[in-house]
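Printed here is input_1.txt (compact mmCIF, C-alpha atoms):
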# COMPACT_ATOMS: atom_id res chain seq x y z
CA MET A 1 2.82 6.30 15.74
CA ARG A 2 3.71 6.71 12.07
CA VAL A 3 0.99 8.25 9.91
CA GLY A 4 1.13 8.44 6.12
CA THR A 5 -1.22 8.81 3.18
CA PHE A 6 -2.62 6.19 0.83
CA VAL A 7 -2.71 7.59 -2.72
CA LEU A 8 -4.90 5.97 -5.35
CA ALA A 9 -4.75 8.78 -7.95
CA ALA A 10 -8.52 8.38 -8.07
CA GLN A 11 -10.28 9.76 -11.13
CA PHE A 12 -13.56 11.26 -9.98
CA PRO A 13 -16.50 11.82 -12.38
CA GLY A 14 -15.83 14.74 -14.70
CA GLN A 15 -12.07 14.61 -14.18
CA GLY A 16 -9.28 13.48 -16.48
CA PRO A 17 -6.34 11.27 -15.50
CA GLY A 18 -3.94 14.21 -15.53
CA GLU A 19 -5.93 15.94 -12.80
CA ALA A 20 -5.90 12.80 -10.66
CA LEU A 21 -2.14 12.35 -11.06
CA HIS A 22 -1.41 16.00 -10.34
CA ARG A 23 -3.43 15.69 -7.12
CA ALA A 24 -1.37 12.61 -6.19
CA ILE A 25 1.88 14.52 -6.67
CA ARG A 26 0.73 17.61 -4.79
CA SER A 27 -0.67 15.61 -1.88
CA THR A 28 2.71 13.90 -1.48
CA GLU A 29 4.54 17.23 -1.43
CA VAL A 30 2.12 18.57 1.17
CA ALA A 31 2.47 15.37 3.21
CA GLU A 32 6.20 15.92 3.49
CA GLU A 33 5.79 19.61 4.30
CA SER A 34 3.27 18.73 7.03
CA GLY A 35 5.44 16.18 8.81
CA LEU A 36 3.73 12.95 7.77
CA ASP A 37 5.77 9.77 7.73
CA SER A 38 5.05 8.20 4.37
CA VAL A 39 3.02 7.98 1.20
CA TRP A 40 1.76 4.69 -0.23
CA LEU A 41 0.94 4.46 -3.94
CA ALA A 42 -1.70 2.19 -5.43
CA GLU A 43 -1.46 0.56 -8.85
CA HIS A 44 -4.36 -0.18 -11.22
CA HIS A 45 -4.87 -0.89 -14.90
CA PHE A 46 -7.64 0.08 -17.29
CA VAL A 47 -9.98 1.57 -14.64
CA PRO A 48 -10.62 5.09 -13.33
CA TYR A 49 -10.67 3.75 -9.76
CA GLY A 50 -6.96 4.62 -9.82
CA VAL A 51 -5.07 5.90 -12.85
CA CYS A 52 -1.51 5.06 -11.75
CA PRO A 53 -0.52 1.95 -13.77
CA SER A 54 2.98 1.71 -12.29
CA ALA A 55 3.46 2.44 -8.61
CA VAL A 56 7.24 2.09 -8.85
CA THR A 57 7.40 4.67 -11.64
CA LEU A 58 5.35 7.19 -9.68
CA ALA A 59 7.42 6.36 -6.59
CA ALA A 60 10.59 7.26 -8.52
CA LEU A 61 9.14 10.66 -9.41
CA LEU A 62 8.01 11.37 -5.87
CA LEU A 63 11.29 10.24 -4.30
CA GLY A 64 12.97 12.77 -6.58
CA ARG A 65 10.52 15.51 -5.54
CA THR A 66 10.97 14.90 -1.79
CA ARG A 67 13.84 14.67 0.67
CA ARG A 68 12.55 13.06 3.86
CA ILE A 69 9.28 11.18 3.45
CA ARG A 70 9.16 7.42 2.84
CA VAL A 71 7.50 6.37 -0.44
CA GLY A 72 6.03 2.89 -0.86
CA THR A 73 3.93 0.89 -3.29
CA ALA A 74 0.54 -0.32 -2.10
CA VAL A 75 0.86 -2.41 -4.02
CA SER A 76 2.88 -3.58 -6.98
CA VAL A 77 0.88 -6.52 -8.37
CA LEU A 78 3.19 -9.51 -8.73
CA PRO A 79 1.12 -11.79 -11.03
CA SER A 80 1.19 -9.10 -13.74
CA GLN A 81 4.96 -8.54 -13.82
CA HIS A 82 8.28 -10.35 -13.60
CA PRO A 83 9.67 -10.49 -10.06
CA VAL A 84 13.22 -9.90 -11.27
CA ALA A 85 12.26 -6.74 -13.15
CA LEU A 86 10.41 -5.49 -10.08
CA GLY A 87 13.35 -6.43 -7.87
CA GLU A 88 15.75 -4.47 -10.06
CA GLN A 89 13.49 -1.41 -9.91
CA ALA A 90 13.10 -1.72 -6.14
CA ALA A 91 16.86 -2.00 -5.62
CA LEU A 92 17.42 1.04 -7.82
CA LEU A 93 14.91 3.15 -5.88
CA HIS A 94 16.21 1.92 -2.53
CA LEU A 95 19.81 2.81 -3.36
CA THR A 96 19.20 6.13 -5.08
CA SER A 97 16.75 7.41 -2.43
CA GLY A 98 18.99 6.65 0.52
CA GLY A 99 16.71 3.88 1.78
CA ARG A 100 13.41 5.79 1.62
CA PHE A 101 11.60 3.27 -0.60
CA SER A 102 9.27 0.50 0.59
CA LEU A 103 8.08 -2.22 -1.77
CA GLY A 104 4.53 -3.35 -1.12
CA VAL A 105 3.43 -6.36 -3.17
CA GLY A 106 0.17 -8.19 -3.57
CA ARG A 107 -1.74 -10.80 -5.55
CA GLY A 108 -4.19 -8.34 -7.08
CA GLY A 109 -7.46 -9.66 -8.46
CA PRO A 110 -8.73 -11.94 -11.25
CA TRP A 111 -8.82 -9.02 -13.65
CA VAL A 112 -8.23 -8.77 -17.40
CA ASP A 113 -4.74 -7.46 -16.53
CA LEU A 114 -3.68 -11.12 -16.34
CA GLU A 115 -4.61 -11.58 -19.99
CA VAL A 116 -3.09 -8.33 -21.23
CA PHE A 117 0.26 -8.81 -19.49
CA GLY A 118 0.42 -12.57 -20.09
CA GLY A 119 0.48 -13.76 -16.50
CA GLY A 120 -2.66 -15.82 -16.87
CA LEU A 121 -5.16 -16.91 -14.26
CA LYS A 122 -2.76 -19.48 -12.80
CA ALA A 123 -0.34 -16.72 -11.82
CA TYR A 124 -3.13 -15.21 -9.72
CA GLU A 125 -4.58 -18.39 -8.28
CA SER A 126 -1.41 -20.28 -7.35
CA GLY A 127 1.70 -18.45 -8.56
CA PHE A 128 2.07 -15.74 -5.93
CA PRO A 129 4.32 -17.72 -3.50
CA GLU A 130 6.80 -18.51 -6.29
CA SER A 131 6.89 -14.90 -7.47
CA LEU A 132 7.35 -13.60 -3.95
CA GLN A 133 10.21 -15.99 -3.20
CA LEU A 134 12.00 -15.07 -6.42
CA LEU A 135 11.61 -11.39 -5.58
CA LEU A 136 12.99 -11.90 -2.06
CA ASP A 137 15.92 -13.90 -3.42
CA TRP A 138 16.71 -11.09 -5.84
CA LEU A 139 16.72 -8.52 -3.06
CA SER A 140 18.99 -10.53 -0.75
CA LYS A 141 21.41 -12.69 -2.77
CA PRO A 142 24.39 -11.96 -5.05
CA ARG A 143 23.30 -14.45 -7.74
CA VAL A 144 19.88 -15.87 -8.53
CA ALA A 145 18.46 -18.59 -10.78
CA GLY A 146 14.84 -19.24 -11.65
CA ARG A 147 13.92 -22.81 -10.73
CA GLY A 148 10.17 -22.59 -10.29
CA GLU A 149 7.18 -23.69 -12.32
CA ARG A 150 6.59 -20.28 -13.86
CA PHE A 151 10.06 -18.73 -13.90
CA GLY A 152 13.00 -20.75 -15.18
CA PHE A 153 16.34 -19.20 -16.10
CA ARG A 154 20.08 -19.74 -15.63
CA GLU A 155 21.89 -18.19 -12.68
CA VAL A 156 22.67 -14.51 -13.19
CA ALA A 157 24.39 -11.82 -11.18
CA VAL A 158 22.21 -9.40 -9.19
CA VAL A 159 23.12 -5.87 -10.30
CA PRO A 160 22.72 -3.55 -8.50
CA ARG A 161 22.71 -5.31 -5.14
CA ALA A 162 19.91 -3.98 -2.94
CA ASP A 163 21.97 -4.50 0.23
CA GLU A 164 24.79 -2.20 -0.86
CA LEU A 165 23.23 0.98 0.50
CA LEU A 166 25.83 3.37 1.85
CA ASP A 167 26.12 3.07 5.64
CA GLU A 168 25.17 6.70 6.28
CA HIS A 169 21.84 6.10 4.50
CA ARG A 170 20.77 3.00 6.40
CA GLU A 171 17.47 3.21 8.28
CA ASP A 172 15.91 1.06 10.99
CA THR A 173 12.98 0.36 8.65
CA ALA A 174 15.15 -1.38 6.06
CA GLN A 175 14.23 -5.02 5.52
CA GLY A 176 16.92 -7.51 6.41
CA PRO A 177 20.59 -6.63 5.91
CA GLY A 178 20.14 -3.28 4.22
CA GLY A 179 17.66 -4.11 1.46
CA PRO A 180 14.37 -2.29 0.93
CA GLU A 181 11.45 -2.94 3.19
CA VAL A 182 9.07 -5.49 1.63
CA ILE A 183 5.46 -5.59 2.79
CA VAL A 184 2.65 -7.91 1.67
CA ALA A 185 -0.99 -6.98 1.15
CA CYS A 186 -3.03 -9.60 3.02
CA THR A 187 -6.73 -10.30 2.56
CA SER A 188 -6.95 -13.97 3.57
CA PRO A 189 -5.46 -16.37 6.14
CA LYS A 190 -3.39 -17.92 3.33
CA SER A 191 -1.68 -14.63 2.50
CA VAL A 192 -1.22 -13.84 6.21
CA ARG A 193 0.58 -17.15 6.72
CA LEU A 194 2.76 -16.60 3.65
CA ALA A 195 3.82 -13.16 4.88
CA ALA A 196 4.47 -14.49 8.39
CA GLU A 197 6.57 -17.42 7.23
CA ASN A 198 8.79 -14.98 5.37
CA GLY A 199 8.87 -12.52 8.27
CA LEU A 200 7.28 -9.79 6.13
CA PRO A 201 4.91 -7.16 7.58
CA MET A 202 1.34 -6.92 6.32
CA LEU A 203 -0.64 -4.18 4.65
CA LEU A 204 -4.27 -4.54 5.77
CA GLY A 205 -7.09 -3.01 3.74
CA MET A 206 -9.31 -0.08 4.57
CA HIS A 207 -12.45 -2.25 4.34
CA CYS A 208 -11.40 -4.14 7.49
CA GLY A 209 -12.38 -3.11 11.01
CA ASP A 210 -10.15 -3.29 14.06
CA GLU A 211 -11.42 -6.70 15.16
CA GLU A 212 -10.64 -8.34 11.82
CA LYS A 213 -7.23 -6.68 11.68
CA ALA A 214 -6.45 -7.82 15.23
CA GLU A 215 -7.29 -11.40 14.26
CA MET A 216 -4.99 -11.21 11.24
CA VAL A 217 -2.16 -9.81 13.36
CA ALA A 218 -2.65 -12.62 15.90
CA LEU A 219 -2.51 -15.24 13.12
CA TRP A 220 0.61 -13.59 11.68
CA ARG A 221 2.34 -13.63 15.07
CA SER A 222 1.59 -17.27 15.83
CA THR A 223 2.63 -18.37 12.33
CA ALA A 224 5.84 -16.32 12.41
CA LEU A 225 6.85 -17.75 15.77
CA ALA A 226 6.09 -21.29 14.60
CA ALA A 227 8.29 -20.64 11.54
CA GLY A 228 11.22 -19.79 13.81
CA ARG A 229 11.08 -16.00 13.68
CA SER A 230 12.51 -14.35 16.78
CA PRO A 231 10.12 -12.91 19.37
CA GLU A 232 11.78 -9.51 18.89
CA SER A 233 11.17 -9.46 15.14
CA VAL A 234 7.58 -10.59 15.64
CA ARG A 235 6.98 -7.92 18.26
CA ASP A 236 8.50 -5.17 16.09
CA ALA A 237 6.89 -6.12 12.77
CA GLY A 238 5.84 -2.92 11.02
CA HIS A 239 2.36 -3.82 9.82
CA VAL A 240 0.44 -1.04 8.07
CA SER A 241 -3.28 -0.32 8.46
CA ALA A 242 -4.96 1.33 5.47
CA GLY A 243 -7.90 3.64 6.07
CA VAL A 244 -9.65 6.87 5.13
CA ALA A 245 -9.05 10.26 6.73
CA GLN A 246 -11.15 13.40 6.36
CA ILE A 247 -10.47 16.19 8.83
CA ALA A 248 -13.05 18.91 9.51
CA ASP A 249 -14.16 21.02 12.46
CA ARG A 250 -17.33 18.94 12.78
CA ARG A 251 -17.78 15.23 12.13
CA GLU A 252 -20.95 15.88 10.15
CA GLU A 253 -19.02 18.14 7.80
CA ALA A 254 -16.32 15.51 7.19
CA VAL A 255 -18.86 12.75 6.56
CA GLU A 256 -20.86 14.98 4.21
CA THR A 257 -17.75 15.72 2.15
CA LEU A 258 -17.04 12.03 1.60
CA VAL A 259 -20.65 10.91 1.09
CA LYS A 260 -21.08 13.57 -1.61
CA ALA A 261 -17.92 12.70 -3.54
CA MET A 262 -16.81 9.11 -2.97
CA PRO A 263 -19.86 7.13 -4.20
CA GLY A 264 -19.60 8.58 -7.70
CA TRP A 265 -15.93 7.67 -7.88
CA LEU A 266 -16.52 4.21 -6.42
CA ARG A 267 -19.44 3.53 -8.76
CA GLN A 268 -17.59 4.30 -11.97
CA GLY A 269 -14.25 2.99 -10.74
CA LEU A 270 -15.26 -0.38 -9.34
CA ASP A 271 -17.80 -1.05 -12.07
CA ALA A 272 -15.04 -0.73 -14.70
CA HIS A 273 -13.19 -3.83 -13.47
CA VAL A 274 -13.42 -6.76 -15.92
CA THR A 275 -12.67 -10.32 -14.81
CA VAL A 276 -10.27 -12.34 -16.93
CA ASP A 277 -12.50 -15.43 -17.01
CA GLY A 278 -15.97 -13.89 -16.94
CA ARG A 279 -16.64 -14.90 -13.34
CA HIS A 280 -19.50 -13.13 -11.60
CA ARG A 281 -18.54 -10.32 -9.28
CA VAL A 282 -20.64 -8.39 -6.79
CA MET A 283 -19.90 -4.68 -6.44
CA ARG A 284 -20.30 -3.01 -3.07
CA ASP A 285 -23.05 -0.42 -2.75
CA PRO A 286 -21.03 2.83 -3.10
CA VAL A 287 -23.01 4.85 -0.58
CA ALA A 288 -23.11 2.08 2.03
CA TYR A 289 -19.40 1.44 1.56
CA THR A 290 -18.57 5.13 2.00
CA GLU A 291 -20.64 5.24 5.18
CA LEU A 292 -18.88 2.11 6.44
CA LEU A 293 -15.48 3.71 5.87
CA CYS A 294 -16.59 6.88 7.67
CA GLY A 295 -17.54 4.76 10.66
CA LEU A 296 -14.29 2.78 10.76
CA HIS A 297 -11.70 5.47 10.24
CA PRO A 298 -10.54 8.96 11.34
CA VAL A 299 -13.30 11.06 9.78
CA GLY A 300 -14.12 14.17 11.80
CA PRO A 301 -12.36 16.75 14.04
CA PRO A 302 -8.65 16.32 14.84
CA ARG A 303 -9.31 14.99 18.36
CA LEU A 304 -11.73 12.35 17.09
CA ALA A 305 -9.30 11.37 14.34
CA ALA A 306 -6.42 11.00 16.79
CA ASP A 307 -8.58 8.96 19.17
CA ARG A 308 -9.63 6.63 16.34
CA LEU A 309 -6.04 6.01 15.30
CA ALA A 310 -4.97 5.46 18.91
CA ALA A 311 -7.83 3.01 19.42
CA THR A 312 -6.86 1.03 16.33
CA ALA A 313 -3.27 0.90 17.53
CA GLU A 314 -4.36 -0.33 20.95
CA ARG A 315 -6.72 -2.99 19.60
CA THR A 316 -4.47 -4.32 16.83
CA GLY A 317 -0.90 -3.46 17.82
CA ILE A 318 -0.47 -1.67 14.49
CA THR A 319 1.18 1.74 14.71
CA ARG A 320 1.70 2.54 11.03
CA PHE A 321 -1.14 4.00 8.97
CA ALA A 322 -1.77 4.69 5.28
CA LEU A 323 -4.78 6.99 5.07
CA LEU A 324 -6.71 7.89 1.92
CA ALA A 325 -6.97 11.69 2.03
CA GLU A 326 -8.24 12.39 -1.49
CA GLY A 327 -11.85 11.38 -0.80
CA SER A 328 -13.20 14.84 -1.63
CA GLY A 329 -11.89 14.54 -5.18
CA ASP A 330 -10.83 18.19 -5.07
CA LEU A 331 -7.20 19.33 -5.25
CA ALA A 332 -7.39 22.24 -2.80
CA ALA A 333 -9.53 20.27 -0.35
CA THR A 334 -7.12 17.32 -0.52
CA GLU A 335 -4.13 19.55 0.16
CA GLU A 336 -5.90 21.07 3.16
CA ASN A 337 -6.92 17.64 4.43
CA VAL A 338 -3.37 16.29 4.23
CA ALA A 339 -2.00 19.42 5.91
CA ARG A 340 -4.48 19.17 8.78
CA LEU A 341 -3.68 15.50 9.21
CA GLY A 342 -0.02 16.37 9.67
CA THR A 343 -0.27 19.61 11.64
CA GLU A 344 -3.38 19.04 13.77
CA VAL A 345 -3.84 15.26 14.19
CA LEU A 346 -0.25 14.01 14.31
CA PRO A 347 0.76 16.22 17.30
CA LEU A 348 -2.08 14.66 19.32
CA LEU A 349 -0.55 11.21 18.83
CA THR A 350 2.95 11.99 20.12
Kindly return the structure encoded in the file as structure tokens.
Amino acid sequence: MRVGTFVLAAQFPGQGPGEALHRAIRSTEVAEESGLDSVWLAEHHFVPYGVCPSAVTLAALLLGRTRRIRVGTAVSVLPSQHPVALGEQAALLHLTSGGRFSLGVGRGGPWVDLEVFGGGLKAYESGFPESLQLLLDWLSKPRVAGRGERFGFREVAVVPRADELLDEHREDTAQGPGGPEVIVACTSPKSVRLAAENGLPMLLGMHCGDEEKAEMVALWRSTALAAGRSPESVRDAGHVSAGVAQIADRREEAVETLVKAMPGWLRQGLDAHVTVDGRHRVMRDPVAYTELLCGLHPVGPPRLAADRLAATAERTGITRFALLAEGSGDLAATEENVARLGTEVLPLLT
């Protein structure tokens, strides 16, 4: 069982972005000190839901601040950036961190980001497969040319090569022949099939329950096998389940902490999203959503939290977790929550 944190750098009401980012940095340092496996960094633009606009930039800082823990993006949004630029950054972080970097990518949403960064709605609606393939080519080949509908350019040399990690730094989690692990955020059967065809593990959202995640894993496995992936690689795929964690001596105390703090953050954060084309969007009820998350995930005493994680692993086959631990919105409480997750919950899972 590999348990890590999911860091949004959430800006709660009354806070500034600097406070949210400082909490993200400190929670990562505490995660390493407490024995957790990884930290996964979200990326958002123009909204207080999360104030980290570049997950790879924050990952670079945190890789420099730590020595053991794996740092990943959850996710870098491909329609809003050039796959080659992202591939270069991923290769740089992979090589300089000794293989501790994971690149999570996703399609994002139909937000105004697409207008600001010039990707356009088409990049969101149909361009993700092309961007993903170009990224994968960059991370695995010595020379790459852009021959797609969106990206066209002459063949160029890949420098630095992501697969040139020194042998003593290689890890079992590295994707392919020494390149960084690449993981795909999946929210639909289409994205599940795309990830499976490429043999890439999935990141599954915290809004999904075990049954839905199990169905997505089953679809991934059948698609991967049909695409010619080996049974061993399908069996060992390192899918990641996102969730929420709040550790307290009593479940009621943990739930109360989240129900008091998260709805205000969700209300102002989600409401700030602007669609690029003016399409209607329905926002979740913040209180009901918080209560849903408390019911799905490890929220309560250490034993309950461990049992919830073990149950998810048994039902879905997923043994890697990225858990949002900043739901209180408070720095000291977040540090304590992360520490308890590592020192009190993790030992119950081994």
Listing only residues of region 55-123 of chain A within 9 Å of region 202-222 of chain A, what is the closest atom pair and its distance in Å (to one decimal) for each, using all atoms listed in the file, sorted by chain and residue number ascending, as a tab-separated table?
residue	atom	partner	partner_atom	distance
A:Ala74	CA	A:Leu203	CA	7.9
A:Val75	CA	A:Leu203	CA	9.0
A:Gly104	CA	A:Leu203	CA	7.8
- Return the single residue from A:His45, A:Leu86, A:Thr290, A:Arg100 that is closest to Gly64 (chain A), with distances computed using all atoms listed in the file.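 With all atoms listed in the file as the atom set, the closest residue is A:Arg100.
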- Query: Taking (-12.6, 8.9, 6.9) in the file's coordinates as the center, which residues reach within 8 Å of it, counting only C-alpha atoms, put as a PyMOL selection string?
  - Reply: chain A and resi 243-247+254-255+258+293-300+324-325
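Neighbouring residues of region 279-285 of chain A at 12 Å or closer, counting all atoms listed in the file and skipping chain neighbours under 2 positions away, are Gly109, Pro110, Trp111, Val112, Leu121, His207, Met262, Pro263, Gly264, Trp265, Leu266, Arg267, Gln268, Gly269, Leu270, Asp271, Ala272, His273, Val274, Thr275, Val276, Asp277, Val287, Ala288, Tyr289, Thr290, Glu291 and Leu292 of chain A.
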Output of the above residues as a PDB file, in the coordinates of the input, restricted to C-alpha atoms:
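File part-v6.pdb, as written:
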ATOM      1  CA  GLY A 109      -7.460  -9.660  -8.460  1.00  0.00           C
ATOM      2  CA  PRO A 110      -8.730 -11.940 -11.250  1.00  0.00           C
ATOM      3  CA  TRP A 111      -8.820  -9.020 -13.650  1.00  0.00           C
ATOM      4  CA  VAL A 112      -8.230  -8.770 -17.400  1.00  0.00           C
ATOM      5  CA  LEU A 121      -5.160 -16.910 -14.260  1.00  0.00           C
ATOM      6  CA  HIS A 207     -12.450  -2.250   4.340  1.00  0.00           C
ATOM      7  CA  MET A 262     -16.810   9.110  -2.970  1.00  0.00           C
ATOM      8  CA  PRO A 263     -19.860   7.130  -4.200  1.00  0.00           C
ATOM      9  CA  GLY A 264     -19.600   8.580  -7.700  1.00  0.00           C
ATOM     10  CA  TRP A 265     -15.930   7.670  -7.880  1.00  0.00           C
ATOM     11  CA  LEU A 266     -16.520   4.210  -6.420  1.00  0.00           C
ATOM     12  CA  ARG A 267     -19.440   3.530  -8.760  1.00  0.00           C
ATOM     13  CA  GLN A 268     -17.590   4.300 -11.970  1.00  0.00           C
ATOM     14  CA  GLY A 269     -14.250   2.990 -10.740  1.00  0.00           C
ATOM     15  CA  LEU A 270     -15.260  -0.380  -9.340  1.00  0.00           C
ATOM     16  CA  ASP A 271     -17.800  -1.050 -12.070  1.00  0.00           C
ATOM     17  CA  ALA A 272     -15.040  -0.730 -14.700  1.00  0.00           C
ATOM     18  CA  HIS A 273     -13.190  -3.830 -13.470  1.00  0.00           C
ATOM     19  CA  VAL A 274     -13.420  -6.760 -15.920  1.00  0.00           C
ATOM     20  CA  THR A 275     -12.670 -10.320 -14.810  1.00  0.00           C
ATOM     21  CA  VAL A 276     -10.270 -12.340 -16.930  1.00  0.00           C
ATOM     22  CA  ASP A 277     -12.500 -15.430 -17.010  1.00  0.00           C
ATOM     23  CA  VAL A 287     -23.010   4.850  -0.580  1.00  0.00           C
ATOM     24  CA  ALA A 288     -23.110   2.080   2.030  1.00  0.00           C
ATOM     25  CA  TYR A 289     -19.400   1.440   1.560  1.00  0.00           C
ATOM     26  CA  THR A 290     -18.570   5.130   2.000  1.00  0.00           C
ATOM     27  CA  GLU A 291     -20.640   5.240   5.180  1.00  0.00           C
ATOM     28  CA  LEU A 292     -18.880   2.110   6.440  1.00  0.00           C
TER      29      LEU A 292
END
- Task: Please indicate the distance in Å from CA of Thr316 (chain A) to CA of Gly238 (chain A), rounded to one decimal place.
- Result: 11.9 Å
- Hey, which of A:Val184, A:Leu36, A:Ala85, A:Ala226 ends up closest to Val159 (chain A)? Count all atoms listed in the file.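 Once distances to Val159 (chain A) are computed over all atoms listed in the file, the minimum belongs to A:Ala85.
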- Message: What's the separation between CA of Pro13 (chain A) and CA of Val47 (chain A), in Å to one decimal place?
- Response: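 So the two atoms, CA of Pro13 (chain A) and CA of Val47 (chain A), lie 12.4 Å apart.
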- Task: Can you pull out every residue within 12 Å of Glu336 (chain A), counting all atoms listed in the file, but drop anything in the same chain fewer than 4 positions away, and send it as a ChimeraX atom specification?
- Result: /A:23,26-27,30-31,33-34,245-248,325-326,328,330-332,340-344
- Message: Just checking: using only C-alpha atoms, which residue out of A:Ser241, A:Ser191, A:Ser131, A:Thr312 ends up closest to Thr223 (chain A)?
- Response: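 The answer is A:Ser191, which sits nearest to Thr223 (chain A).
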Export region 179-243 of chain A of the preceding structure, keeping C-alpha atoms, as a PDB file, in the first residue's frame.
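Output (part_22.pdb):
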ATOM      1  CA  GLY A 179      11.681   7.601 -18.405  1.00  0.00           C
ATOM      2  CA  PRO A 180       9.399   9.291 -15.883  1.00  0.00           C
ATOM      3  CA  GLU A 181       6.173   7.674 -14.857  1.00  0.00           C
ATOM      4  CA  VAL A 182       3.246   9.083 -16.865  1.00  0.00           C
ATOM      5  CA  ILE A 183      -0.264   8.796 -15.458  1.00  0.00           C
ATOM      6  CA  VAL A 184      -3.563   9.946 -16.992  1.00  0.00           C
ATOM      7  CA  ALA A 185      -6.498  11.492 -15.150  1.00  0.00           C
ATOM      8  CA  CYS A 186      -9.585   9.578 -16.291  1.00  0.00           C
ATOM      9  CA  THR A 187     -13.185  10.685 -15.891  1.00  0.00           C
ATOM     10  CA  SER A 188     -14.878   8.921 -18.808  1.00  0.00           C
ATOM     11  CA  PRO A 189     -14.730   5.581 -20.659  1.00  0.00           C
ATOM     12  CA  LYS A 190     -13.028   7.388 -23.562  1.00  0.00           C
ATOM     13  CA  SER A 191     -10.134   8.561 -21.396  1.00  0.00           C
ATOM     14  CA  VAL A 192      -9.906   5.143 -19.715  1.00  0.00           C
ATOM     15  CA  ARG A 193      -9.535   3.454 -23.099  1.00  0.00           C
ATOM     16  CA  LEU A 194      -6.927   5.990 -24.232  1.00  0.00           C
ATOM     17  CA  ALA A 195      -4.842   5.396 -21.103  1.00  0.00           C
ATOM     18  CA  ALA A 196      -5.189   1.624 -21.437  1.00  0.00           C
ATOM     19  CA  GLU A 197      -4.191   1.535 -25.089  1.00  0.00           C
ATOM     20  CA  ASN A 198      -1.004   3.366 -24.167  1.00  0.00           C
ATOM     21  CA  GLY A 199      -0.400   1.195 -21.106  1.00  0.00           C
ATOM     22  CA  LEU A 200      -0.578   4.220 -18.795  1.00  0.00           C
ATOM     23  CA  PRO A 201      -1.975   4.021 -15.243  1.00  0.00           C
ATOM     24  CA  MET A 202      -5.005   6.089 -14.277  1.00  0.00           C
ATOM     25  CA  LEU A 203      -5.593   8.778 -11.687  1.00  0.00           C
ATOM     26  CA  LEU A 204      -9.215   8.460 -10.526  1.00  0.00           C
ATOM     27  CA  GLY A 205     -10.985  11.394  -8.871  1.00  0.00           C
ATOM     28  CA  MET A 206     -12.053  11.817  -5.276  1.00  0.00           C
ATOM     29  CA  HIS A 207     -15.715  12.235  -6.296  1.00  0.00           C
ATOM     30  CA  CYS A 208     -15.855   8.568  -7.380  1.00  0.00           C
ATOM     31  CA  GLY A 209     -16.836   5.718  -5.077  1.00  0.00           C
ATOM     32  CA  ASP A 210     -15.248   2.285  -5.021  1.00  0.00           C
ATOM     33  CA  GLU A 211     -17.826   0.728  -7.342  1.00  0.00           C
ATOM     34  CA  GLU A 212     -17.276   3.316 -10.074  1.00  0.00           C
ATOM     35  CA  LYS A 213     -13.501   3.054  -9.709  1.00  0.00           C
ATOM     36  CA  ALA A 214     -13.676  -0.741  -9.907  1.00  0.00           C
ATOM     37  CA  GLU A 215     -15.642  -0.481 -13.153  1.00  0.00           C
ATOM     38  CA  MET A 216     -13.060   1.882 -14.628  1.00  0.00           C
ATOM     39  CA  VAL A 217     -10.215  -0.434 -13.626  1.00  0.00           C
ATOM     40  CA  ALA A 218     -12.031  -3.386 -15.223  1.00  0.00           C
ATOM     41  CA  LEU A 219     -12.508  -1.417 -18.460  1.00  0.00           C
ATOM     42  CA  TRP A 220      -8.845  -0.388 -18.408  1.00  0.00           C
ATOM     43  CA  ARG A 221      -7.707  -3.994 -17.965  1.00  0.00           C
ATOM     44  CA  SER A 222      -9.844  -5.401 -20.764  1.00  0.00           C
ATOM     45  CA  THR A 223      -8.832  -2.598 -23.144  1.00  0.00           C
ATOM     46  CA  ALA A 224      -5.132  -2.919 -22.303  1.00  0.00           C
ATOM     47  CA  LEU A 225      -5.171  -6.668 -22.884  1.00  0.00           C
ATOM     48  CA  ALA A 226      -7.021  -6.232 -26.177  1.00  0.00           C
ATOM     49  CA  ALA A 227      -4.361  -3.689 -27.219  1.00  0.00           C
ATOM     50  CA  GLY A 228      -1.648  -6.305 -26.700  1.00  0.00           C
ATOM     51  CA  ARG A 229      -0.361  -5.248 -23.289  1.00  0.00           C
ATOM     52  CA  SER A 230       1.155  -8.109 -21.323  1.00  0.00           C
ATOM     53  CA  PRO A 231      -0.847  -9.667 -18.477  1.00  0.00           C
ATOM     54  CA  GLU A 232       2.000  -8.786 -16.104  1.00  0.00           C
ATOM     55  CA  SER A 233       1.949  -5.092 -16.998  1.00  0.00           C
ATOM     56  CA  VAL A 234      -1.838  -5.015 -16.727  1.00  0.00           C
ATOM     57  CA  ARG A 235      -1.743  -6.710 -13.337  1.00  0.00           C
ATOM     58  CA  ASP A 236       0.950  -4.361 -12.009  1.00  0.00           C
ATOM     59  CA  ALA A 237      -0.445  -1.076 -13.356  1.00  0.00           C
ATOM     60  CA  GLY A 238      -0.007   1.574 -10.680  1.00  0.00           C
ATOM     61  CA  HIS A 239      -3.384   3.287 -10.751  1.00  0.00           C
ATOM     62  CA  VAL A 240      -3.891   6.045  -8.173  1.00  0.00           C
ATOM     63  CA  SER A 241      -7.097   6.700  -6.230  1.00  0.00           C
ATOM     64  CA  ALA A 242      -7.648  10.305  -5.118  1.00  0.00           C
ATOM     65  CA  GLY A 243      -9.577  10.960  -1.925  1.00  0.00           C
TER      66      GLY A 243
END
